[in-house]
file model_28.csv (CSV, C-alpha atoms)
chain,number,residue,atom,x,y,z
T,20,MET,CA,0.0,0.0,0.0
T,21,VAL,CA,2.8,2.3,0.9
T,22,GLN,CA,4.7,1.4,-2.2
T,23,GLU,CA,1.6,2.1,-4.3
T,24,LYS,CA,1.3,5.7,-2.9
T,25,ARG,CA,5.0,6.3,-3.5
T,26,PHE,CA,4.6,5.2,-7.1
T,27,LYS,CA,1.6,7.5,-7.7
T,28,LYS,CA,3.5,10.4,-6.2
T,29,LYS,CA,6.5,9.8,-8.5
T,30,LEU,CA,4.2,9.5,-11.4
T,31,GLN,CA,2.6,12.8,-10.6
T,32,ASN,CA,6.0,14.5,-10.3
T,33,VAL,CA,7.0,13.2,-13.7
T,34,ILE,CA,3.7,14.5,-15.2
T,35,ASN,CA,4.3,17.9,-13.7
T,36,ASP,CA,7.8,18.1,-15.1
T,37,LEU,CA,6.6,17.2,-18.5
T,38,SER,CA,3.9,19.8,-18.3
T,39,ALA,CA,6.5,22.5,-17.4
T,40,ASN,CA,8.9,21.4,-20.1
T,41,ASP,CA,6.0,21.6,-22.6
T,42,LYS,CA,5.3,25.2,-21.7
T,43,ALA,CA,9.0,26.1,-22.0
T,44,PHE,CA,9.2,24.4,-25.4
T,45,SER,CA,6.1,26.2,-26.6
T,46,SER,CA,7.6,29.6,-25.5
T,47,SER,CA,10.8,28.8,-27.3
T,48,ILE,CA,8.9,28.0,-30.5
T,49,ASP,CA,7.0,31.4,-30.2
T,50,ALA,CA,10.3,33.3,-29.7
T,51,CYS,CA,11.9,31.6,-32.7
T,52,LEU,CA,8.9,32.4,-34.8
T,53,PHE,CA,8.9,36.0,-33.8
T,54,LEU,CA,12.6,36.3,-34.6
T,55,ILE,CA,12.0,34.7,-38.0
T,56,LEU,CA,9.2,37.2,-38.7
T,57,VAL,CA,11.5,40.2,-37.6
T,58,SER,CA,14.2,38.9,-39.9
T,59,ILE,CA,11.9,38.6,-42.8
T,60,SER,CA,10.6,42.2,-42.2
T,61,ALA,CA,14.1,43.5,-42.1
T,62,VAL,CA,14.9,41.8,-45.4
T,63,ILE,CA,11.8,43.4,-46.9
T,64,LEU,CA,12.4,46.9,-45.5
T,65,MET,CA,16.2,47.1,-45.9
T,66,PRO,CA,16.2,48.2,-49.5
T,67,SER,CA,13.8,51.0,-48.7
T,68,ILE,CA,15.8,52.1,-45.6
T,69,ALA,CA,19.1,52.0,-47.6
T,70,ALA,CA,17.4,54.0,-50.4
T,71,ASP,CA,16.5,56.8,-48.0
T,72,TYR,CA,20.2,57.1,-47.0
T,73,GLN,CA,21.2,57.0,-50.7
T,74,TYR,CA,18.7,59.7,-51.6
T,75,SER,CA,19.9,61.9,-48.7
T,76,SER,CA,23.5,61.4,-49.7
T,77,ALA,CA,22.8,62.1,-53.4
T,78,HIS,CA,20.9,65.2,-52.4
T,79,TYR,CA,23.8,66.5,-50.3
T,80,ILE,CA,26.3,65.8,-53.0
T,81,SER,CA,24.1,67.4,-55.6
T,82,ALA,CA,23.6,70.5,-53.4
T,83,GLN,CA,27.4,70.8,-52.9
T,84,GLN,CA,28.0,70.7,-56.6
T,85,MET,CA,25.2,73.1,-57.3
T,86,ASP,CA,26.5,75.5,-54.6
T,87,THR,CA,30.0,75.4,-56.1
T,88,TYR,CA,28.6,76.0,-59.6
T,89,LEU,CA,26.4,78.9,-58.5
T,90,LEU,CA,29.3,80.6,-56.8
T,91,ASN,CA,31.5,80.2,-59.8
T,92,THR,CA,28.8,81.7,-62.1
T,93,ILE,CA,28.2,84.6,-59.8
T,94,MET,CA,31.9,85.4,-59.7
T,95,SER,CA,32.4,85.1,-63.5
T,96,SER,CA,29.1,85.9,-65.1
T,97,THR,CA,28.9,89.2,-67.0
T,98,LEU,CA,26.0,91.6,-67.2
T,99,GLU,CA,25.8,93.2,-70.6
T,100,GLU,CA,23.9,96.3,-69.3
T,101,TYR,CA,23.8,97.6,-65.8
T,102,GLU,CA,22.8,101.0,-64.4
T,103,TYR,CA,21.9,102.7,-61.2
T,104,THR,CA,21.0,106.3,-60.3
T,105,LEU,CA,22.7,108.4,-57.7
T,106,GLU,CA,20.2,110.0,-55.3
T,107,PRO,CA,21.6,113.4,-54.1
T,108,GLY,CA,18.1,114.1,-52.7
T,109,GLU,CA,19.0,111.6,-50.0
T,110,LEU,CA,21.1,114.3,-48.5
T,111,ALA,CA,19.1,116.9,-46.6
T,112,GLY,CA,18.9,120.4,-48.1
T,113,ILE,CA,19.8,119.4,-51.7
T,114,ASP,CA,17.3,120.3,-54.4
T,115,VAL,CA,18.3,119.2,-57.9
T,116,ASN,CA,15.0,119.9,-59.6
T,117,LEU,CA,15.2,122.2,-62.6
T,118,SER,CA,12.6,124.6,-63.8
T,119,GLN,CA,9.2,123.5,-65.2
T,120,ASN,CA,10.4,124.8,-68.6
T,121,SER,CA,13.3,122.4,-68.7
T,122,ILE,CA,13.6,120.0,-71.6
T,123,LEU,CA,14.8,117.4,-69.1
T,124,GLN,CA,11.9,115.2,-68.1
T,125,ASP,CA,13.7,113.3,-65.3
T,126,THR,CA,16.5,115.5,-63.9
T,127,ALA,CA,18.0,112.9,-61.5
T,128,ARG,CA,18.0,110.2,-64.1
T,129,THR,CA,19.5,112.4,-66.8
T,130,LEU,CA,22.3,113.9,-64.6
T,131,PHE,CA,23.0,111.2,-62.1
T,132,THR,CA,22.5,107.8,-63.8
T,133,LYS,CA,25.6,105.6,-64.1
T,134,GLU,CA,25.6,103.2,-67.0
T,135,GLN,CA,28.0,100.3,-67.2
T,136,ARG,CA,28.5,97.4,-69.6
T,137,HIS,CA,30.2,94.0,-69.6
T,138,ARG,CA,30.8,94.0,-65.8
T,139,THR,CA,31.0,90.7,-63.8
T,140,PHE,CA,29.0,90.2,-60.7
T,141,SER,CA,32.2,90.1,-58.7
T,142,ASP,CA,33.2,93.5,-60.0
T,143,LEU,CA,29.7,94.9,-59.1
T,144,VAL,CA,29.8,93.3,-55.7
T,145,ALA,CA,33.2,94.8,-54.9
T,146,GLU,CA,32.2,98.2,-56.2
T,147,GLY,CA,29.0,98.0,-54.1
T,148,LEU,CA,30.9,97.1,-51.0
T,149,VAL,CA,33.1,100.2,-51.5
T,150,LEU,CA,30.2,102.5,-52.2
T,151,GLY,CA,28.1,101.0,-49.5
T,152,LEU,CA,30.4,101.6,-46.5
T,153,VAL,CA,28.7,102.6,-43.3
T,154,MET,CA,30.0,104.0,-40.0
T,155,GLU,CA,28.7,102.7,-36.8
T,156,LYS,CA,28.2,105.7,-34.5
T,157,ASP,CA,26.2,105.9,-31.3
T,158,GLY,CA,24.6,102.6,-31.9
T,159,THR,CA,23.4,103.4,-35.4
T,160,GLU,CA,24.8,103.0,-38.8
T,161,LYS,CA,25.4,106.0,-41.1
T,162,ALA,CA,26.2,105.6,-44.8
T,163,LEU,CA,29.5,107.1,-45.8
T,164,ASN,CA,27.9,108.0,-49.2
T,165,PRO,CA,24.1,107.8,-49.0
T,166,MET,CA,23.8,108.9,-52.7
T,167,THR,CA,25.1,105.5,-53.9
T,168,GLN,CA,22.7,103.3,-52.1
T,169,MET,CA,20.9,102.3,-55.3
T,170,GLN,CA,24.1,100.6,-56.5
T,171,ARG,CA,23.8,98.0,-53.8
T,172,THR,CA,20.1,97.7,-54.3
T,173,GLU,CA,20.5,97.1,-58.1
T,174,THR,CA,23.4,94.6,-57.6
T,175,GLU,CA,21.4,92.6,-55.1
T,176,LYS,CA,18.4,92.5,-57.5
T,177,GLN,CA,20.6,91.3,-60.4
T,178,ILE,CA,22.2,88.5,-58.3
T,179,ALA,CA,18.8,87.4,-56.9
T,180,ALA,CA,17.4,87.3,-60.5
T,181,HIS,CA,20.5,85.2,-61.6
T,182,LEU,CA,20.0,82.7,-58.7
T,183,GLU,CA,16.3,82.4,-59.5
T,184,ARG,CA,17.0,81.7,-63.2
T,185,THR,CA,19.7,79.1,-62.3
T,186,ILE,CA,18.1,77.0,-59.5
T,187,GLY,CA,14.4,78.0,-59.8
T,188,GLN,CA,12.4,76.5,-56.9
T,189,ARG,CA,14.7,73.5,-56.3
T,190,TYR,CA,16.7,75.1,-53.5
T,191,TYR,CA,16.5,78.0,-51.0
T,192,TYR,CA,19.6,80.2,-51.0
T,193,ARG,CA,21.3,83.0,-49.1
T,194,PHE,CA,24.1,85.2,-50.5
T,195,GLU,CA,26.3,87.3,-48.3
T,196,ALA,CA,29.2,89.7,-49.0
T,197,HIS,CA,31.2,91.4,-46.2
T,198,TRP,CA,34.1,93.8,-46.2
T,199,GLN,CA,35.9,95.7,-43.5
T,200,PRO,CA,38.8,98.0,-44.5
T,201,VAL,CA,40.2,97.5,-41.0
T,202,THR,CA,39.3,94.3,-39.1
T,203,GLY,CA,37.0,95.0,-36.2
T,204,HIS,CA,36.8,98.8,-36.9
T,205,ASN,CA,33.4,100.6,-36.9
T,206,ILE,CA,33.5,101.1,-40.7
T,207,ARG,CA,32.2,98.2,-42.8
T,208,SER,CA,29.9,97.2,-45.6
T,209,GLY,CA,27.8,94.2,-46.6
T,210,MET,CA,25.2,92.7,-48.9
T,211,THR,CA,22.6,90.1,-48.0
T,212,ILE,CA,20.2,88.3,-50.3
T,213,GLY,CA,17.8,85.5,-49.2
T,214,ASP,CA,16.4,84.2,-45.9
T,215,PRO,CA,18.6,83.1,-42.9
T,216,ALA,CA,20.2,79.7,-43.6
T,217,PRO,CA,19.8,76.7,-41.3
T,218,ASP,CA,22.8,75.0,-39.7
T,219,ASN,CA,22.8,72.1,-42.2
T,220,ALA,CA,22.9,74.4,-45.3
T,221,ILE,CA,25.7,73.8,-47.8
T,222,LYS,CA,28.2,76.7,-47.7
T,223,GLN,CA,30.8,77.9,-50.1
T,224,LYS,CA,33.1,80.8,-49.4
T,225,VAL,CA,35.6,82.8,-51.5
T,226,ARG,CA,37.5,86.0,-51.1
T,227,ILE,CA,37.5,88.7,-53.9
T,228,SER,CA,39.9,91.6,-54.3
T,229,MET,CA,38.7,95.1,-53.9
T,230,PRO,CA,39.1,98.1,-56.2
T,231,VAL,CA,41.2,99.9,-53.7
T,232,ILE,CA,44.9,99.7,-52.9
T,233,TYR,CA,46.5,99.9,-49.4
T,234,PRO,CA,49.2,102.5,-50.0
T,235,VAL,CA,51.8,101.6,-47.3
T,236,PRO,CA,54.4,98.9,-48.1
T,237,MET,CA,55.6,96.5,-45.4
T,238,GLU,CA,59.1,98.1,-45.5
T,239,GLU,CA,57.8,101.3,-43.9
T,240,ILE,CA,56.0,99.3,-41.2
T,241,TYR,CA,59.2,97.4,-40.3
T,242,ALA,CA,61.3,100.6,-40.4
T,243,PRO,CA,61.1,101.4,-36.7
T,244,PHE,CA,62.5,98.0,-35.8
T,245,ASN,CA,65.8,98.3,-37.7
T,246,GLU,CA,68.8,96.5,-36.3
T,247,THR,CA,70.3,99.5,-34.5
T,248,GLY,CA,67.0,100.5,-33.0
T,249,VAL,CA,66.3,97.0,-31.6
T,250,TYR,CA,69.8,96.7,-30.1
T,251,ASN,CA,69.6,100.1,-28.4
T,252,ALA,CA,66.1,99.4,-27.1
T,253,PHE,CA,67.2,96.0,-25.6
T,254,ASN,CA,70.2,97.6,-23.9
T,255,SER,CA,68.4,100.6,-22.6
T,256,ASN,CA,67.3,101.2,-19.0
T,257,ASP,CA,63.7,100.5,-19.9
T,258,PRO,CA,63.5,98.1,-22.9
T,259,GLU,CA,59.8,97.4,-22.5
T,260,SER,CA,59.0,101.1,-22.8
T,261,GLU,CA,61.3,101.4,-25.8
T,262,PHE,CA,59.8,98.4,-27.6
T,263,LEU,CA,56.3,99.7,-26.9
T,264,HIS,CA,57.2,103.0,-28.4
T,265,MET,CA,58.5,101.3,-31.5
T,266,PHE,CA,55.3,99.3,-31.9
T,267,GLY,CA,53.4,102.6,-31.6
T,268,LYS,CA,55.4,104.1,-34.5
T,269,SER,CA,54.7,101.0,-36.7
T,270,ILE,CA,51.0,101.3,-35.8
T,271,GLU,CA,51.0,104.9,-36.7
T,272,VAL,CA,52.4,104.0,-40.2
T,273,VAL,CA,49.8,101.3,-40.6
T,274,SER,CA,47.0,103.6,-39.5
T,275,SER,CA,48.1,106.4,-41.9
T,276,GLY,CA,47.7,103.9,-44.8
T,277,CYS,CA,44.2,102.8,-43.7
T,278,ALA,CA,43.2,106.4,-43.1
T,279,GLU,CA,44.3,107.4,-46.6
T,280,LEU,CA,42.3,104.6,-48.2
T,281,ILE,CA,39.1,105.3,-46.3
T,282,THR,CA,39.4,109.1,-46.7
T,283,ASP,CA,39.8,108.7,-50.5
T,284,ILE,CA,36.5,106.7,-50.5
T,285,VAL,CA,34.5,109.1,-48.3
T,286,PHE,CA,36.2,112.3,-49.6
T,287,PRO,CA,37.4,112.1,-53.2
T,288,TYR,CA,40.1,114.8,-53.0
T,289,ASP,CA,41.2,114.7,-56.7
T,290,TYR,CA,37.6,115.0,-58.0
T,291,LEU,CA,36.7,117.8,-55.6
T,292,SER,CA,40.0,119.7,-56.4
T,293,SER,CA,39.1,119.5,-60.1
T,294,LEU,CA,35.9,121.5,-59.6
T,295,ASN,CA,37.5,124.9,-60.3
T,296,GLY,CA,35.8,128.1,-61.4
T,297,THR,CA,36.3,127.5,-65.2
T,298,GLU,CA,34.7,124.1,-65.1
T,299,ILE,CA,31.7,125.4,-63.0
T,300,ALA,CA,31.2,128.3,-65.4
T,301,VAL,CA,31.1,125.9,-68.4
T,302,ASN,CA,28.7,123.6,-66.5
T,303,SER,CA,26.4,126.6,-65.7
T,304,GLU,CA,26.3,127.5,-69.4
T,305,GLN,CA,25.4,124.0,-70.4
T,306,LEU,CA,22.7,123.9,-67.7
T,307,ALA,CA,21.3,127.2,-69.0
T,308,PHE,CA,21.2,125.8,-72.5
T,309,LEU,CA,19.2,122.8,-71.2
T,310,THR,CA,16.8,124.7,-69.0
T,311,GLY,CA,16.3,128.1,-70.7
T,312,PRO,CA,17.7,131.6,-70.1
T,313,GLN,CA,15.7,132.1,-66.9
T,314,CYS,CA,17.9,129.6,-65.1
T,315,LYS,CA,21.3,130.9,-66.2
T,316,GLY,CA,22.1,132.0,-62.7
T,317,CYS,CA,20.9,128.8,-61.0
T,318,SER,CA,23.3,126.7,-59.1
T,319,SER,CA,24.4,123.6,-60.9
T,320,PRO,CA,22.7,120.4,-59.6
T,321,VAL,CA,26.0,118.7,-59.7
T,322,MET,CA,27.6,121.4,-57.5
T,323,GLN,CA,24.7,121.2,-55.1
T,324,SER,CA,25.1,117.5,-54.7
T,325,VAL,CA,28.9,117.8,-54.2
T,326,LEU,CA,28.6,120.6,-51.6
T,327,GLY,CA,25.7,118.7,-49.8
T,328,CYS,CA,27.8,115.5,-49.8
T,329,MET,CA,30.7,117.4,-48.3
T,330,ASN,CA,28.5,118.9,-45.6
T,331,TYR,CA,27.0,115.5,-44.8
T,332,THR,CA,30.5,114.0,-44.4
T,333,VAL,CA,32.1,116.8,-42.5
T,334,SER,CA,29.2,117.5,-40.0
T,335,GLY,CA,27.1,114.3,-40.0
T,336,LEU,CA,29.8,111.7,-40.0
T,337,TYR,CA,32.9,113.3,-38.5
T,338,GLY,CA,31.4,116.1,-36.5
T,339,LEU,CA,33.9,118.7,-37.7
T,340,ASN,CA,33.3,122.4,-37.1
T,341,VAL,CA,33.1,123.4,-40.7
T,342,THR,CA,30.1,125.0,-42.4
T,343,ILE,CA,29.5,124.3,-46.1
T,344,SER,CA,26.5,125.7,-47.8
T,345,PRO,CA,25.0,123.7,-50.7
T,346,GLN,CA,23.9,126.9,-52.3
T,347,GLU,CA,27.4,128.0,-53.2
T,348,GLN,CA,28.3,128.5,-56.9
T,349,SER,CA,31.8,127.1,-56.6
T,350,ILE,CA,34.2,125.3,-54.3
T,351,GLY,CA,37.5,126.7,-53.1
T,352,LEU,CA,40.7,124.6,-53.2
T,353,ASP,CA,41.7,125.9,-49.7
T,354,LEU,CA,38.4,124.5,-48.3
T,355,VAL,CA,39.0,121.1,-50.0
T,356,ASP,CA,42.5,120.9,-48.6
T,357,MET,CA,41.4,121.8,-45.1
T,358,VAL,CA,38.5,119.4,-45.0
T,359,HIS,CA,40.6,116.6,-46.5
T,360,TYR,CA,43.4,117.1,-43.9
T,361,MET,CA,40.9,117.1,-41.0
T,362,ILE,CA,39.1,113.9,-42.1
T,363,LEU,CA,42.4,112.2,-42.8
T,364,GLU,CA,43.8,113.0,-39.3
T,365,LYS,CA,40.6,112.0,-37.6
T,366,ASN,CA,40.5,108.7,-39.4
T,367,LYS,CA,44.2,108.1,-38.5
T,368,ASP,CA,43.6,108.8,-34.8
T,369,GLN,CA,40.5,106.5,-34.7
T,370,ILE,CA,42.1,103.6,-36.6
T,371,SER,CA,45.3,103.9,-34.5
T,372,ALA,CA,43.4,103.8,-31.3
T,373,HIS,CA,41.5,100.7,-32.5
T,374,ILE,CA,44.5,98.8,-33.6
T,375,ILE,CA,46.4,99.5,-30.4
T,376,ASP,CA,43.4,98.2,-28.4
T,377,PHE,CA,42.9,95.3,-30.8
T,378,HIS,CA,46.5,94.0,-30.4
T,379,ALA,CA,47.4,95.4,-26.9
T,380,ASP,CA,47.6,92.0,-25.1
T,381,ASP,CA,49.6,90.3,-28.0
T,382,ILE,CA,52.0,93.3,-28.2
T,383,ASN,CA,52.6,93.2,-24.4
T,384,HIS,CA,53.2,89.4,-24.6
T,385,THR,CA,55.6,89.8,-27.6
T,386,ILE,CA,57.5,92.6,-25.7
T,387,ALA,CA,57.8,90.4,-22.6
T,388,LEU,CA,59.3,87.5,-24.7
T,389,MET,CA,61.7,89.9,-26.5
T,390,CYS,CA,63.0,91.3,-23.2
T,391,ASN,CA,63.5,87.8,-21.7
T,392,THR,CA,65.5,86.6,-24.8
T,393,SER,CA,69.2,86.3,-24.5
T,394,ALA,CA,71.1,89.4,-25.6
T,395,THR,CA,72.8,87.4,-28.4
T,396,ASP,CA,69.6,85.9,-29.7
T,397,ASN,CA,68.8,88.5,-32.3
T,398,SER,CA,67.1,86.1,-34.7
T,399,THR,CA,64.5,85.2,-32.1
T,400,ARG,CA,63.7,88.8,-31.4
T,401,ASN,CA,63.4,89.5,-35.1
T,402,GLU,CA,61.1,86.6,-35.6
T,403,LEU,CA,58.8,87.8,-32.7
T,404,VAL,CA,58.7,91.3,-34.2
T,405,ILE,CA,57.9,90.1,-37.7
T,406,ASN,CA,55.1,87.8,-36.5
T,407,ARG,CA,53.5,90.6,-34.5
T,408,LEU,CA,53.9,93.2,-37.3
T,409,ASP,CA,52.4,90.8,-39.8
T,410,ALA,CA,49.4,90.3,-37.6
T,411,ILE,CA,49.0,94.1,-37.3
T,412,TYR,CA,49.3,94.5,-41.1
T,413,ARG,CA,46.6,91.9,-41.7
T,414,THR,CA,44.3,93.8,-39.4
T,415,ALA,CA,44.9,97.0,-41.4
T,416,ASN,CA,44.8,95.2,-44.8
T,417,PRO,CA,42.5,92.1,-44.7
T,418,GLY,CA,43.2,91.4,-48.3
T,419,GLY,CA,39.7,91.5,-49.8
T,420,ALA,CA,36.0,90.9,-49.2
T,421,ASP,CA,34.4,87.6,-48.1
T,422,ILE,CA,31.7,86.1,-50.3
T,423,VAL,CA,29.5,83.3,-48.9
T,424,LEU,CA,26.8,81.4,-50.7
T,425,MET,CA,24.5,78.9,-48.9
T,426,ILE,CA,21.8,76.7,-50.3
T,427,TRP,CA,19.5,74.1,-48.7
call {"tool": "encode", "arguments": {"input": "model_28.csv", "output": "structure tokens"}}
result
Amino acid sequence: MVQEKRFKKKLQNVINDLSANDKAFSSSIDACLFLILVSISAVILMPSIAADYQYSSAHYISAQQMDTYLLNTIMSSTLEEYEYTLEPGELAGIDVNLSQNSILQDTARTLFTKEQRHRTFSDLVAEGLVLGLVMEKDGTEKALNPMTQMQRTETEKQIAAHLERTIGQRYYYRFEAHWQPVTGHNIRSGMTIGDPAPDNAIKQKVRISMPVIYPVPMEEIYAPFNETGVYNAFNSNDPESEFLHMFGKSIEVVSSGCAELITDIVFPYDYLSSLNGTEIAVNSEQLAFLTGPQCKGCSSPVMQSVLGCMNYTVSGLYGLNVTISPQEQSIGLDLVDMVHYMILEKNKDQISAHIIDFHADDINHTIALMCNTSATDNSTRNELVINRLDAIYRTANPGGADIVLMIW
């Protein structure tokens, strides 16, 4: 009896074990079946997933190639006809309207339209950056020559039309051009076409030369650091002060070159000097011929615009205490010389102060290294001087304007 109970108990344990193993076996089969289905789905979906990456990669490469092509066409394409009109009326107090009896229907367009042919976009952009210089003053930007604002507007319109013709609606784009005659200074210019670009936009960048020349050679900048001067400074009672004074002389030379370049743009001395009494008299006779005898004594619209522009530059931009009336019939050479000198000196002082502040820490570090160098190690001192003066020169002469084209 006892044996029979034991047998039944063992039999029940065996049945329970088989039941548990059967559930585990069933779960294993379900898991394997699930993995097989996942594998089959992956095999089916893999070509589609890979194609998405291929499409994205192809789009990126295509956009890169298109961006490069577009930038090349913008830099090299030529406009057969291009014109813009100066706007002397932008300067307060200037009235260039002729009499109602004038045979000229559009005075501003007739007298102040500039026509150009066979110009590349890069030429027009460079010209626009020069004519579109602005000065940041008291938190606002003031145009150095507000009469030429239409040049930038017309150039931007032509570039936008070129981009639209080339890429249509396939891409969005943004074109930017930036120029600073002196890096970090408050005088700069720029052009912007298109909406702000996202972070993943394709970007191409080039630098173009400008139609201005920095007038100071490097030899003049190095001149204060001649061999004798460096030796005497190093062996003086206060070498740090002597070296600092020498850097100040070099910066003064650098600043004079920048000031001359900017002053020639904002105050065209040669042109203004050419407006002598004989030329004004001839101009007045021509004006009378176009408008009738009643306007023979009228002031020339060209002269009004010149005098008004001078007054804007002298008073509005530089705050000089010089009064220039746009109603004058002529312009004296002594006035031109005086105003030119005052603007040149003010530009030089402002640029010199900026460069000294911009490079102050680096100059002090360079001087410290020069003073700690062995008295016989002239080559190391010369290398330190050259590296620092080269950096100062690059600040005063950045070497061109930056052009950036982004598409997405």
call {"tool": "residues_around", "arguments": {"input": "model_28.csv", "residues": "stretch 369-379 of chain T", "least_positions_apart": "5", "cutoff": "12 Å", "atoms": "all atoms listed in the file", "output": "PDB file with C-alpha atoms, in the frame of the given file"}}
result
ATOM      1  CA  PRO T 200      38.800  98.000 -44.500  1.00  0.00           C
ATOM      2  CA  VAL T 201      40.200  97.500 -41.000  1.00  0.00           C
ATOM      3  CA  THR T 202      39.300  94.300 -39.100  1.00  0.00           C
ATOM      4  CA  GLY T 203      37.000  95.000 -36.200  1.00  0.00           C
ATOM      5  CA  HIS T 204      36.800  98.800 -36.900  1.00  0.00           C
ATOM      6  CA  ASN T 205      33.400 100.600 -36.900  1.00  0.00           C
ATOM      7  CA  ILE T 206      33.500 101.100 -40.700  1.00  0.00           C
ATOM      8  CA  LEU T 263      56.300  99.700 -26.900  1.00  0.00           C
ATOM      9  CA  HIS T 264      57.200 103.000 -28.400  1.00  0.00           C
ATOM     10  CA  PHE T 266      55.300  99.300 -31.900  1.00  0.00           C
ATOM     11  CA  GLY T 267      53.400 102.600 -31.600  1.00  0.00           C
ATOM     12  CA  LYS T 268      55.400 104.100 -34.500  1.00  0.00           C
ATOM     13  CA  SER T 269      54.700 101.000 -36.700  1.00  0.00           C
ATOM     14  CA  ILE T 270      51.000 101.300 -35.800  1.00  0.00           C
ATOM     15  CA  GLU T 271      51.000 104.900 -36.700  1.00  0.00           C
ATOM     16  CA  VAL T 272      52.400 104.000 -40.200  1.00  0.00           C
ATOM     17  CA  VAL T 273      49.800 101.300 -40.600  1.00  0.00           C
ATOM     18  CA  SER T 274      47.000 103.600 -39.500  1.00  0.00           C
ATOM     19  CA  SER T 275      48.100 106.400 -41.900  1.00  0.00           C
ATOM     20  CA  GLY T 276      47.700 103.900 -44.800  1.00  0.00           C
ATOM     21  CA  CYS T 277      44.200 102.800 -43.700  1.00  0.00           C
ATOM     22  CA  ALA T 278      43.200 106.400 -43.100  1.00  0.00           C
ATOM     23  CA  GLU T 279      44.300 107.400 -46.600  1.00  0.00           C
ATOM     24  CA  LEU T 280      42.300 104.600 -48.200  1.00  0.00           C
ATOM     25  CA  ILE T 281      39.100 105.300 -46.300  1.00  0.00           C
ATOM     26  CA  THR T 282      39.400 109.100 -46.700  1.00  0.00           C
ATOM     27  CA  TYR T 337      32.900 113.300 -38.500  1.00  0.00           C
ATOM     28  CA  ILE T 362      39.100 113.900 -42.100  1.00  0.00           C
ATOM     29  CA  LEU T 363      42.400 112.200 -42.800  1.00  0.00           C
ATOM     30  CA  GLU T 364      43.800 113.000 -39.300  1.00  0.00           C
ATOM     31  CA  HIS T 384      53.200  89.400 -24.600  1.00  0.00           C
ATOM     32  CA  THR T 385      55.600  89.800 -27.600  1.00  0.00           C
ATOM     33  CA  ILE T 386      57.500  92.600 -25.700  1.00  0.00           C
ATOM     34  CA  ARG T 407      53.500  90.600 -34.500  1.00  0.00           C
ATOM     35  CA  LEU T 408      53.900  93.200 -37.300  1.00  0.00           C
ATOM     36  CA  ASP T 409      52.400  90.800 -39.800  1.00  0.00           C
ATOM     37  CA  ALA T 410      49.400  90.300 -37.600  1.00  0.00           C
ATOM     38  CA  ILE T 411      49.000  94.100 -37.300  1.00  0.00           C
ATOM     39  CA  TYR T 412      49.300  94.500 -41.100  1.00  0.00           C
ATOM     40  CA  ARG T 413      46.600  91.900 -41.700  1.00  0.00           C
ATOM     41  CA  THR T 414      44.300  93.800 -39.400  1.00  0.00           C
ATOM     42  CA  ALA T 415      44.900  97.000 -41.400  1.00  0.00           C
ATOM     43  CA  ASN T 416      44.800  95.200 -44.800  1.00  0.00           C
TER      44      ASN T 416
END
call {"tool": "closest_residue", "arguments": {"input": "model_28.csv", "among": "T:Leu163, T:Ile212, T:Asp142, T:Gly187", "to": "T:Leu336", "atoms": "all atoms listed in the file"}}
result
T:Leu163
call {"tool": "atom_distance", "arguments": {"input": "model_28.csv", "atom1": "atom CA of T:Met389", "atom2": "atom CA of T:Thr247"}}
result
15.2 Å
call {"tool": "residues_around", "arguments": {"input": "model_28.csv", "residues": "T:Tyr192", "least_positions_apart": "4", "cutoff": "7 Å", "atoms": "all atoms listed in the file", "output": "list of chain:residue names"}}
result
T:Gly213, T:Met425, T:Ile426, T:Trp427
call {"tool": "residues_near_point", "arguments": {"input": "model_28.csv", "point": "(43.2, 117.9, -51.9)", "cutoff": "12 Å", "atoms": "all atoms listed in the file", "output": "PDB file with C-alpha atoms, keeping the file's coordinate frame"}}
result
ATOM      1  CA  GLU T 279      44.300 107.400 -46.600  1.00  0.00           C
ATOM      2  CA  THR T 282      39.400 109.100 -46.700  1.00  0.00           C
ATOM      3  CA  ASP T 283      39.800 108.700 -50.500  1.00  0.00           C
ATOM      4  CA  PHE T 286      36.200 112.300 -49.600  1.00  0.00           C
ATOM      5  CA  PRO T 287      37.400 112.100 -53.200  1.00  0.00           C
ATOM      6  CA  TYR T 288      40.100 114.800 -53.000  1.00  0.00           C
ATOM      7  CA  ASP T 289      41.200 114.700 -56.700  1.00  0.00           C
ATOM      8  CA  TYR T 290      37.600 115.000 -58.000  1.00  0.00           C
ATOM      9  CA  LEU T 291      36.700 117.800 -55.600  1.00  0.00           C
ATOM     10  CA  SER T 292      40.000 119.700 -56.400  1.00  0.00           C
ATOM     11  CA  SER T 293      39.100 119.500 -60.100  1.00  0.00           C
ATOM     12  CA  LEU T 294      35.900 121.500 -59.600  1.00  0.00           C
ATOM     13  CA  ILE T 350      34.200 125.300 -54.300  1.00  0.00           C
ATOM     14  CA  GLY T 351      37.500 126.700 -53.100  1.00  0.00           C
ATOM     15  CA  LEU T 352      40.700 124.600 -53.200  1.00  0.00           C
ATOM     16  CA  ASP T 353      41.700 125.900 -49.700  1.00  0.00           C
ATOM     17  CA  LEU T 354      38.400 124.500 -48.300  1.00  0.00           C
ATOM     18  CA  VAL T 355      39.000 121.100 -50.000  1.00  0.00           C
ATOM     19  CA  ASP T 356      42.500 120.900 -48.600  1.00  0.00           C
ATOM     20  CA  MET T 357      41.400 121.800 -45.100  1.00  0.00           C
ATOM     21  CA  VAL T 358      38.500 119.400 -45.000  1.00  0.00           C
ATOM     22  CA  HIS T 359      40.600 116.600 -46.500  1.00  0.00           C
ATOM     23  CA  TYR T 360      43.400 117.100 -43.900  1.00  0.00           C
ATOM     24  CA  MET T 361      40.900 117.100 -41.000  1.00  0.00           C
ATOM     25  CA  ILE T 362      39.100 113.900 -42.100  1.00  0.00           C
ATOM     26  CA  LEU T 363      42.400 112.200 -42.800  1.00  0.00           C
TER      27      LEU T 363
END
